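Below you'll find the structure, written out as structure tokens, and then a few comments.
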Amino acid sequence: MFSRLLLKSLEWLLICIFGLMVLLVFGNVVLRYGFNYGIIFSEEVSRFLFVWMVFLG
């Protein structure tokens, strides 16, 4: 029971991390090529989230 709940919550956490990564990278690409301006911290946060996603997965 507890392990199933833990796995389900971990799965949702990984989905949220991946979704945030996609939003940051996609938004940065659109801003950089469309408006010649990018989000400064987007690359670092995406890398940090990717490391945690791999670690938790």
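Identifiers in this document derive from the order of the structure tokens: chains are assigned A, B, ..., residues are numbered from 1 separately in each chain, and ligands are numbered from 1 in order of occurrence.
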Skip region 25-30 of chain A itself and residues of its chain fewer than 5 positions away, then list as a PDB file with N, CA, C and O atoms, in the first residue's frame all residues within 10 Å of it, counting only C-alpha atoms.
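This is the output file selection32.pdb:
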ATOM      1  N   LEU A  20       8.036  21.053 -16.472  1.00  0.00           N
ATOM      2  CA  LEU A  20       8.696  22.324 -16.212  1.00  0.00           C
ATOM      3  C   LEU A  20       9.926  22.488 -17.090  1.00  0.00           C
ATOM      4  O   LEU A  20      10.185  23.581 -17.609  1.00  0.00           O
ATOM      5  N   PHE A  35      12.348  36.995 -30.278  1.00  0.00           N
ATOM      6  CA  PHE A  35      12.475  38.344 -29.749  1.00  0.00           C
ATOM      7  C   PHE A  35      13.918  38.739 -29.450  1.00  0.00           C
ATOM      8  O   PHE A  35      14.169  39.802 -28.899  1.00  0.00           O
ATOM      9  N   ASN A  36      14.859  37.849 -29.765  1.00  0.00           N
ATOM     10  CA  ASN A  36      16.284  38.078 -29.533  1.00  0.00           C
ATOM     11  C   ASN A  36      16.574  38.358 -28.057  1.00  0.00           C
ATOM     12  O   ASN A  36      17.414  39.185 -27.708  1.00  0.00           O
ATOM     13  N   TYR A  37      15.844  37.672 -27.201  1.00  0.00           N
ATOM     14  CA  TYR A  37      16.021  37.796 -25.760  1.00  0.00           C
ATOM     15  C   TYR A  37      15.729  36.433 -25.139  1.00  0.00           C
ATOM     16  O   TYR A  37      14.757  35.777 -25.499  1.00  0.00           O
ATOM     17  N   GLY A  38      16.565  35.992 -24.246  1.00  0.00           N
ATOM     18  CA  GLY A  38      16.352  34.692 -23.621  1.00  0.00           C
ATOM     19  C   GLY A  38      16.272  34.797 -22.114  1.00  0.00           C
ATOM     20  O   GLY A  38      16.688  35.789 -21.513  1.00  0.00           O
ATOM     21  N   ILE A  39      15.730  33.780 -21.508  1.00  0.00           N
ATOM     22  CA  ILE A  39      15.674  33.704 -20.061  1.00  0.00           C
ATOM     23  C   ILE A  39      17.068  33.307 -19.580  1.00  0.00           C
ATOM     24  O   ILE A  39      17.607  32.286 -19.997  1.00  0.00           O
ATOM     25  N   ILE A  40      17.643  34.097 -18.715  1.00  0.00           N
ATOM     26  CA  ILE A  40      19.032  33.908 -18.314  1.00  0.00           C
ATOM     27  C   ILE A  40      19.228  32.593 -17.557  1.00  0.00           C
ATOM     28  O   ILE A  40      20.150  31.839 -17.830  1.00  0.00           O
ATOM     29  N   PHE A  41      18.370  32.287 -16.629  1.00  0.00           N
ATOM     30  CA  PHE A  41      18.559  31.126 -15.762  1.00  0.00           C
ATOM     31  C   PHE A  41      17.940  29.844 -16.319  1.00  0.00           C
ATOM     32  O   PHE A  41      18.011  28.803 -15.666  1.00  0.00           O
ATOM     33  N   SER A  42      17.366  29.902 -17.498  1.00  0.00           N
ATOM     34  CA  SER A  42      16.651  28.757 -18.045  1.00  0.00           C
ATOM     35  C   SER A  42      17.546  27.546 -18.264  1.00  0.00           C
ATOM     36  O   SER A  42      17.156  26.415 -17.951  1.00  0.00           O
ATOM     37  N   GLU A  43      18.727  27.744 -18.790  1.00  0.00           N
ATOM     38  CA  GLU A  43      19.627  26.620 -19.062  1.00  0.00           C
ATOM     39  C   GLU A  43      20.087  25.955 -17.772  1.00  0.00           C
ATOM     40  O   GLU A  43      20.142  24.721 -17.693  1.00  0.00           O
ATOM     41  N   VAL A  45      18.602  26.010 -14.754  1.00  0.00           N
ATOM     42  CA  VAL A  45      17.486  25.349 -14.077  1.00  0.00           C
ATOM     43  C   VAL A  45      17.105  24.065 -14.812  1.00  0.00           C
ATOM     44  O   VAL A  45      16.832  23.044 -14.183  1.00  0.00           O
ATOM     45  N   SER A  46      17.123  24.092 -16.136  1.00  0.00           N
ATOM     46  CA  SER A  46      16.812  22.891 -16.911  1.00  0.00           C
ATOM     47  C   SER A  46      17.832  21.797 -16.652  1.00  0.00           C
ATOM     48  O   SER A  46      17.472  20.623 -16.524  1.00  0.00           O
TER      49      SER A  46
END
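Proximity to region 3-17 of chain A at 7 Å, evaluated using only C-alpha atoms and with sequence-adjacent residues fewer than 4 positions away removed, yields A:Met21, A:Leu49, A:Met53.
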Hey, which of A:Phe2, A:Phe50, A:Tyr33, A:Gly57 ends up closest to Phe18 (chain A)? Count only C-alpha atoms. A:Phe50
